[in-house]
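Structure below is my_file_1.tsv: TSV, C-alpha atoms.
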chain	number	residue	atom	x	y	z
I	1318	MET	CA	106.66	-146.01	-24.33
I	1319	SER	CA	107.50	-145.58	-20.66
I	1320	ASP	CA	104.52	-144.75	-18.47
I	1321	GLU	CA	106.50	-143.32	-15.58
I	1322	TRP	CA	105.16	-139.85	-16.43
I	1323	LEU	CA	101.62	-141.19	-16.11
I	1324	LYS	CA	102.38	-142.54	-12.65
I	1325	GLN	CA	103.65	-139.11	-11.59
I	1326	VAL	CA	100.21	-137.60	-12.09
I	1327	LYS	CA	98.23	-137.45	-8.85
I	1328	TRP	CA	95.05	-139.25	-9.82
I	1329	ASN	CA	92.15	-138.74	-7.46
I	1330	GLU	CA	90.31	-141.50	-5.58
I	1331	ASP	CA	88.38	-142.27	-8.77
I	1332	GLY	CA	91.59	-142.46	-10.79
I	1333	LEU	CA	90.89	-139.18	-12.60
I	1334	VAL	CA	92.34	-135.68	-13.01
I	1335	PRO	CA	90.58	-132.55	-14.23
I	1336	ALA	CA	91.74	-131.40	-17.67
I	1337	ILE	CA	91.20	-127.84	-18.88
I	1338	ALA	CA	91.03	-127.11	-22.62
I	1339	GLN	CA	92.02	-123.61	-23.73
I	1340	ASP	CA	91.73	-122.27	-27.27
I	1341	VAL	CA	95.27	-121.93	-28.60
I	1342	HIS	CA	94.37	-118.89	-30.68
I	1343	SER	CA	91.96	-116.81	-28.58
I	1344	GLY	CA	93.02	-117.99	-25.13
I	1345	GLN	CA	89.38	-118.64	-24.26
I	1346	VAL	CA	88.98	-121.40	-21.69
I	1347	LEU	CA	86.70	-123.80	-23.53
I	1348	MET	CA	85.80	-126.53	-21.05
I	1349	MET	CA	86.91	-128.71	-18.19
I	1350	ALA	CA	86.47	-132.46	-18.27
I	1351	TRP	CA	88.17	-135.48	-16.73
I	1352	MET	CA	90.89	-137.86	-17.80
I	1353	ASN	CA	92.00	-141.27	-16.59
I	1354	PRO	CA	95.50	-142.61	-17.34
I	1355	GLU	CA	94.39	-144.24	-20.59
I	1356	SER	CA	92.70	-141.12	-21.90
I	1357	LEU	CA	95.71	-138.95	-21.03
I	1358	ALA	CA	98.08	-141.38	-22.75
I	1359	LEU	CA	95.82	-141.44	-25.82
I	1360	THR	CA	95.54	-137.64	-25.82
I	1361	VAL	CA	99.33	-137.45	-26.09
I	1362	ALA	CA	99.61	-140.30	-28.60
I	1363	GLU	CA	96.82	-139.09	-30.91
I	1364	LYS	CA	97.45	-135.37	-30.34
I	1365	ARG	CA	93.78	-134.69	-29.66
I	1366	ALA	CA	91.79	-134.28	-26.45
I	1367	ILE	CA	90.44	-137.60	-25.24
I	1368	TYR	CA	88.56	-137.49	-21.96
I	1369	TRP	CA	87.00	-140.02	-19.65
I	1370	SER	CA	83.25	-139.60	-19.60
I	1371	ARG	CA	82.11	-140.06	-16.01
I	1372	SER	CA	78.44	-140.24	-17.02
I	1373	ARG	CA	79.03	-142.87	-19.68
I	1374	GLN	CA	82.02	-144.52	-18.00
I	1375	ARG	CA	83.98	-144.78	-21.20
I	1376	LEU	CA	86.60	-142.98	-23.26
I	1377	TRP	CA	85.30	-139.84	-24.90
I	1378	ARG	CA	87.18	-138.77	-28.00
I	1379	LYS	CA	86.06	-135.14	-28.05
I	1380	GLY	CA	84.31	-134.56	-31.36
I	1381	GLU	CA	83.52	-138.22	-32.00
I	1382	ASP	CA	79.83	-137.37	-32.54
I	1383	SER	CA	79.90	-133.63	-33.14
I	1384	GLY	CA	83.03	-133.38	-35.28
I	1385	HIS	CA	84.25	-130.74	-32.81
I	1386	VAL	CA	87.64	-132.35	-32.35
I	1387	GLN	CA	90.25	-130.62	-30.17
I	1388	HIS	CA	93.71	-130.88	-31.73
I	1389	LEU	CA	96.43	-130.75	-29.11
I	1390	HIS	CA	99.05	-127.98	-29.32
I	1391	ASP	CA	100.41	-127.94	-25.79
I	1392	LEU	CA	99.92	-130.04	-22.67
I	1393	ARG	CA	100.89	-129.05	-19.14
I	1394	LEU	CA	100.69	-130.48	-15.65
I	1395	ASP	CA	100.40	-128.18	-12.65
I	1396	CYS	CA	102.70	-127.80	-9.64
I	1397	ASP	CA	100.69	-130.27	-7.55
I	1398	GLY	CA	100.48	-132.80	-10.36
I	1399	ASP	CA	96.73	-132.97	-10.12
I	1400	CYS	CA	95.44	-130.82	-12.99
I	1401	ILE	CA	96.08	-130.81	-16.75
I	1402	LEU	CA	95.99	-127.75	-19.02
I	1403	MET	CA	95.81	-128.21	-22.78
I	1404	LYS	CA	96.00	-125.65	-25.53
I	1405	VAL	CA	93.90	-126.92	-28.39
I	1406	GLU	CA	92.71	-126.00	-31.83
I	1407	GLN	CA	88.94	-126.26	-31.56
I	1408	VAL	CA	87.51	-127.61	-34.81
I	1409	GLY	CA	84.29	-125.80	-35.75
I	1410	GLY	CA	84.87	-123.15	-33.10
I	1411	ILE	CA	82.38	-124.89	-30.82
I	1412	ALA	CA	83.38	-126.77	-27.67
I	1413	CYS	CA	80.07	-126.92	-25.80
I	1414	HIS	CA	77.29	-129.42	-26.38
I	1415	THR	CA	74.86	-126.48	-26.21
I	1416	GLY	CA	76.34	-125.15	-29.47
I	1417	ARG	CA	78.32	-122.39	-27.84
I	1418	GLN	CA	82.02	-121.62	-28.32
I	1419	HIS	CA	82.77	-122.64	-24.74
I	1420	CYS	CA	81.05	-124.10	-21.70
I	1421	PHE	CA	81.44	-121.20	-19.26
I	1422	PHE	CA	78.44	-119.20	-20.40
I	1423	TYR	CA	76.59	-118.71	-17.11
I	1424	ALA	CA	77.33	-115.35	-15.50
I	1425	LEU	CA	76.02	-114.34	-12.09
I	1426	GLN	CA	73.68	-111.38	-12.52
I	1427	ASP	CA	71.23	-110.19	-9.87
I	1428	GLU	CA	71.95	-113.37	-7.87
I	1429	GLN	CA	70.96	-115.57	-10.80
I	1430	TRP	CA	72.99	-117.56	-13.31
I	1431	GLN	CA	72.24	-116.09	-16.73
I	1432	ALA	CA	73.31	-117.60	-20.05
I	1433	VAL	CA	75.19	-114.69	-21.62
I	1434	ASP	CA	76.98	-116.23	-24.60
I	1435	GLU	CA	75.60	-116.84	-28.02
I	1436	VAL	CA	74.52	-120.22	-29.36
I	1437	LEU	CA	76.43	-120.57	-32.62
I	1438	LYS	CA	74.75	-123.74	-33.81
I	1439	ASP	CA	71.56	-125.59	-32.86
I	1440	PRO	CA	72.59	-128.65	-30.80
I	1441	HIS	CA	70.11	-130.75	-32.80
I	1442	ALA	CA	72.07	-129.91	-35.92
I	1443	ILE	CA	75.35	-130.86	-34.23
I	1444	TYR	CA	74.48	-134.35	-33.05
I	1445	SER	CA	73.14	-136.93	-35.40
I	1446	LYS	CA	72.68	-139.35	-32.51
I	1447	ALA	CA	72.90	-139.07	-28.72
I	1448	GLY	CA	74.63	-135.88	-27.58
I	1449	GLU	CA	78.11	-135.92	-26.13
F	1292	MET	CA	71.24	-112.30	-0.16
F	1293	SER	CA	69.46	-115.28	-1.69
F	1294	ASP	CA	71.59	-118.40	-1.92
F	1295	GLU	CA	69.50	-120.09	-4.59
F	1296	TRP	CA	72.36	-119.57	-7.07
F	1297	LEU	CA	74.70	-121.42	-4.71
F	1298	LYS	CA	72.31	-124.36	-4.59
F	1299	GLN	CA	72.27	-124.53	-8.38
F	1300	VAL	CA	75.98	-125.35	-8.45
F	1301	LYS	CA	76.60	-129.09	-8.67
F	1302	TRP	CA	78.86	-129.66	-5.70
F	1303	ASN	CA	80.72	-132.96	-5.72
F	1304	GLU	CA	80.50	-135.64	-3.06
F	1305	ASP	CA	82.91	-133.59	-0.92
F	1306	GLY	CA	80.81	-130.46	-1.37
F	1307	LEU	CA	83.37	-128.83	-3.68
F	1308	VAL	CA	83.73	-127.60	-7.26
F	1309	PRO	CA	86.92	-126.94	-9.21
F	1310	ALA	CA	87.58	-123.24	-9.84
F	1311	ILE	CA	89.90	-122.06	-12.61
F	1312	ALA	CA	91.64	-118.69	-12.33
F	1313	GLN	CA	92.61	-116.99	-15.58
F	1314	ASP	CA	94.62	-113.77	-15.87
F	1315	VAL	CA	92.22	-111.09	-17.08
F	1316	HIS	CA	94.95	-109.32	-19.05
F	1317	SER	CA	97.12	-112.05	-20.60
F	1318	GLY	CA	94.54	-114.85	-20.72
F	1319	GLN	CA	97.06	-117.19	-19.06
F	1320	VAL	CA	95.40	-119.91	-17.03
F	1321	LEU	CA	96.96	-119.36	-13.63
F	1322	MET	CA	95.75	-122.21	-11.44
F	1323	MET	CA	92.94	-124.52	-10.51
F	1324	ALA	CA	91.81	-124.95	-6.93
F	1325	TRP	CA	88.61	-125.90	-5.14
F	1326	MET	CA	85.69	-124.00	-3.65
F	1327	ASN	CA	82.94	-124.92	-1.24
F	1328	PRO	CA	79.69	-122.91	-1.04
F	1329	GLU	CA	81.08	-120.56	1.61
F	1330	SER	CA	84.24	-119.80	-0.35
F	1331	LEU	CA	82.29	-119.18	-3.56
F	1332	ALA	CA	79.88	-116.85	-1.76
F	1333	LEU	CA	82.81	-114.99	-0.19
F	1334	THR	CA	84.61	-114.79	-3.55
F	1335	VAL	CA	81.58	-112.98	-4.96
F	1336	ALA	CA	81.05	-110.82	-1.88
F	1337	GLU	CA	84.69	-109.78	-1.47
F	1338	LYS	CA	85.48	-109.71	-5.20
F	1339	ARG	CA	88.65	-111.78	-4.71
F	1340	ALA	CA	89.38	-115.47	-5.16
F	1341	ILE	CA	88.73	-117.40	-1.97
F	1342	TYR	CA	89.25	-121.14	-2.20
F	1343	TRP	CA	88.74	-124.10	0.09
F	1344	SER	CA	92.06	-125.64	0.98
F	1345	ARG	CA	91.60	-129.40	0.95
F	1346	SER	CA	94.96	-130.02	2.62
F	1347	ARG	CA	94.31	-127.56	5.43
F	1348	GLN	CA	90.52	-127.99	5.50
F	1349	ARG	CA	89.88	-124.31	5.82
F	1350	LEU	CA	89.11	-121.21	3.76
F	1351	TRP	CA	92.06	-120.00	1.74
F	1352	ARG	CA	91.98	-116.33	0.87
F	1353	LYS	CA	94.42	-116.44	-2.02
F	1354	GLY	CA	97.28	-114.11	-1.18
F	1355	GLU	CA	96.66	-114.14	2.57
F	1356	ASP	CA	100.31	-115.09	3.19
F	1357	SER	CA	101.98	-114.20	-0.10
F	1358	GLY	CA	100.17	-110.97	-0.89
F	1359	HIS	CA	99.39	-112.49	-4.29
F	1360	VAL	CA	95.71	-111.66	-4.11
F	1361	GLN	CA	93.46	-112.43	-7.09
F	1362	HIS	CA	90.96	-109.61	-7.66
F	1363	LEU	CA	87.82	-110.87	-9.33
F	1364	HIS	CA	86.82	-109.39	-12.70
F	1365	ASP	CA	84.47	-112.05	-14.04
F	1366	LEU	CA	82.94	-115.24	-12.71
F	1367	ARG	CA	81.31	-117.95	-14.77
F	1368	LEU	CA	79.70	-121.34	-14.23
F	1369	ASP	CA	79.85	-123.99	-16.93
F	1370	CYS	CA	77.04	-125.75	-18.78
F	1371	ASP	CA	77.02	-128.67	-16.35
F	1372	GLY	CA	77.12	-126.41	-13.32
F	1373	ASP	CA	80.13	-128.20	-11.90
F	1374	CYS	CA	83.07	-125.94	-12.75
F	1375	ILE	CA	83.83	-122.25	-12.09
F	1376	LEU	CA	85.95	-119.97	-14.30
F	1377	MET	CA	87.20	-116.67	-12.93
F	1378	LYS	CA	89.02	-113.87	-14.68
F	1379	VAL	CA	91.27	-112.25	-12.13
F	1380	GLU	CA	93.83	-109.53	-11.74
F	1381	GLN	CA	96.83	-111.34	-10.27
F	1382	VAL	CA	98.61	-109.10	-7.78
F	1383	GLY	CA	102.38	-109.41	-8.09
F	1384	GLY	CA	102.06	-111.37	-11.33
F	1385	ILE	CA	102.67	-114.60	-9.43
F	1386	ALA	CA	99.96	-117.20	-8.82
F	1387	CYS	CA	102.07	-120.26	-7.98
F	1388	HIS	CA	103.58	-121.08	-4.61
F	1389	THR	CA	106.79	-121.98	-6.49
F	1390	GLY	CA	107.20	-118.32	-7.44
F	1391	ARG	CA	106.08	-118.76	-11.03
F	1392	GLN	CA	103.46	-116.74	-12.87
F	1393	HIS	CA	101.18	-119.76	-13.06
F	1394	CYS	CA	100.99	-123.35	-11.84
F	1395	PHE	CA	101.00	-125.18	-15.19
F	1396	PHE	CA	104.75	-125.22	-15.72
F	1397	TYR	CA	105.38	-128.93	-16.30
F	1398	ALA	CA	105.57	-129.81	-19.99
F	1399	LEU	CA	105.91	-133.36	-21.25
F	1400	GLN	CA	109.26	-133.70	-23.04
F	1401	ASP	CA	110.89	-137.02	-23.91
F	1402	GLU	CA	108.30	-138.78	-21.73
F	1403	GLN	CA	109.25	-136.70	-18.71
F	1404	TRP	CA	107.59	-133.76	-16.98
F	1405	GLN	CA	109.99	-130.84	-17.27
F	1406	ALA	CA	109.62	-127.50	-15.49
F	1407	VAL	CA	109.74	-125.06	-18.38
F	1408	ASP	CA	108.63	-121.75	-16.91
F	1409	GLU	CA	110.73	-119.26	-15.09
F	1410	VAL	CA	110.73	-118.76	-11.32
F	1411	LEU	CA	110.07	-115.04	-10.90
F	1412	LYS	CA	110.61	-114.91	-7.14
F	1413	ASP	CA	112.23	-117.22	-4.59
F	1414	PRO	CA	109.39	-118.92	-2.65
F	1415	HIS	CA	111.32	-118.31	0.59
F	1416	ALA	CA	111.08	-114.61	-0.14
F	1417	ILE	CA	107.35	-114.88	-0.80
F	1418	TYR	CA	106.27	-116.57	2.39
F	1419	SER	CA	107.14	-115.20	5.77
F	1420	LYS	CA	105.54	-118.20	7.45
F	1421	ALA	CA	104.14	-121.52	6.22
F	1422	GLY	CA	103.56	-121.60	2.48
F	1423	GLU	CA	100.09	-121.50	0.97
Give the structure from this file in structure tokens form.
Amino acid sequence: MSDEWLKQVKWNEDGLVPAIAQDVHSGQVLMMAWMNPESLALTVAEKRAIYWSRSRQRLWRKGEDSGHVQHLHDLRLDCDGDCILMKVEQVGGIACHTGRQHCFFYALQDEQWQAVDEVLKDPHAIYSKAGE
Amino acid sequence: MSDEWLKQVKWNEDGLVPAIAQDVHSGQVLMMAWMNPESLALTVAEKRAIYWSRSRQRLWRKGEDSGHVQHLHDLRLDCDGDCILMKVEQVGGIACHTGRQHCFFYALQDEQWQAVDEVLKDPHAIYSKAGE
């Protein structure tokens, strides 16, 4: 497989690009994480979201611990070549490690960030070992 | 106005966070750009998307040249505190400097990035002076 398309992505100084995952059914933006060339290539090859974990410095197959796999339906690159947008089918309906549907649950109210979205599943029940 | 909420955002080493703009009506993810503390504070205060232009190293009031202002309807911070999601009303229905509705118009087809979304307006007709 030619990797010319990978070279056309504008990787940042750390060799990463931000990747946005959007629920293919509801349109909800689920999360934003990072990809390196290997993780992007694997995302395309395996048709599931595979990120690069900056905290753990390793590939992160979304759902590897939680089962909350993101099956890839569509993958786009933006006009500047420095951001990825994926439409995904979110297994379990939970993308966030806090047990919520998505990660963007802090709303600004009275000059404070307030968690406004429901926890669907106790994180302790999601992860058998270390959290994602 | 207290700026404690601004301090709770996890700014990167350049003092920025990625900010995603999503169309409040269609759910289409329009673009991703960057914000510094001042631009985020102004976005909230002026209820319109105001980014930090990395290329021009200055505040970028989206639509300042094009008229394609993004009126803010909802603003969220993610679980890690390092990414912003906005729901916006996109004036003119065009977010991208190429004249498209959104910036994520490159799809991967036959191992090549192909522009698959329609240009709604000639960029030369959008910008009277230097492009955004």
Original post:
So which residues touch Val1334 (chain I) within 10 Å, counting all atoms listed in the file, skipping near sequence neighbours fewer than 6 positions away, as a count of residues only?
Top reply: 15
Original post:
What's the 9 Å shell around Glu1402 (chain F), counting only C-alpha atoms, without same-chain residues fewer than 2 positions away, as a PyMOL selection string?
Top reply: (chain I and resi 1318-1322) or (chain F and resi 1399-1400+1404)
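Between CA of Ala1310 (chain F) and CA of Asp1356 (chain F) lies a distance of 20.0 Å.
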Contacts of chain F with chain I up to 9 Å, shortest pair per row, all atoms listed in the file, as a tab-separated table:
residue	atom	partner	partner_atom	distance
F:Met1292	CA	I:Glu1428	CA	7.8
F:Ser1293	CA	I:Glu1428	CA	6.9
F:Asp1294	CA	I:Glu1428	CA	7.8
F:Glu1295	CA	I:Gln1429	CA	7.8
F:Trp1296	CA	I:Gln1429	CA	5.6
F:Gln1299	CA	I:Trp1430	CA	8.6
F:Pro1309	CA	I:Pro1335	CA	8.4
F:Ile1311	CA	I:Ile1337	CA	8.6
F:Gln1313	CA	I:Val1346	CA	8.4
F:Ser1317	CA	I:Gly1344	CA	8.5
F:Gly1318	CA	I:Gly1344	CA	5.6
F:Gln1319	CA	I:Gly1344	CA	7.3
F:Val1320	CA	I:Val1346	CA	8.1
F:Met1322	CA	I:Asp1395	CA	7.7
F:Met1323	CA	I:Cys1400	CA	7.2
F:Asp1365	CA	I:Ala1424	CA	8.0
F:Leu1366	CA	I:Ala1424	CA	6.3
F:Arg1367	CA	I:Ala1424	CA	4.8
F:Leu1368	CA	I:Tyr1423	CA	5.0
F:Asp1369	CA	I:Phe1421	CA	4.0
F:Cys1370	CA	I:Cys1420	CA	5.2
F:Asp1371	CA	I:Cys1420	CA	8.1
F:Gly1372	CA	I:Tyr1423	CA	8.6
F:Cys1374	CA	I:Met1349	CA	7.2
F:Ile1375	CA	I:Phe1421	CA	7.6
F:Leu1376	CA	I:Phe1421	CA	6.8
F:Cys1387	CA	I:Cys1396	CA	7.7
F:His1388	CA	I:Cys1396	CA	8.4
F:Thr1389	CA	I:Cys1396	CA	7.8
F:His1393	CA	I:Asp1395	CA	8.5
F:Cys1394	CA	I:Asp1395	CA	4.9
F:Phe1395	CA	I:Asp1395	CA	4.0
F:Phe1396	CA	I:Asp1395	CA	6.1
F:Tyr1397	CA	I:Leu1394	CA	5.0
F:Ala1398	CA	I:Arg1393	CA	4.8
F:Leu1399	CA	I:Arg1393	CA	6.9
F:Glu1402	CA	I:Trp1322	CA	6.3
F:Gln1403	CA	I:Trp1322	CA	5.6
F:Trp1404	CA	I:Trp1322	CA	6.6
Subject >> F:Ala1336, F:Val1410, F:Ile1417, F:Leu1307 ranked by distance to His1359 (chain F), top pick (using only C-alpha atoms) >> reply: F:Ile1417
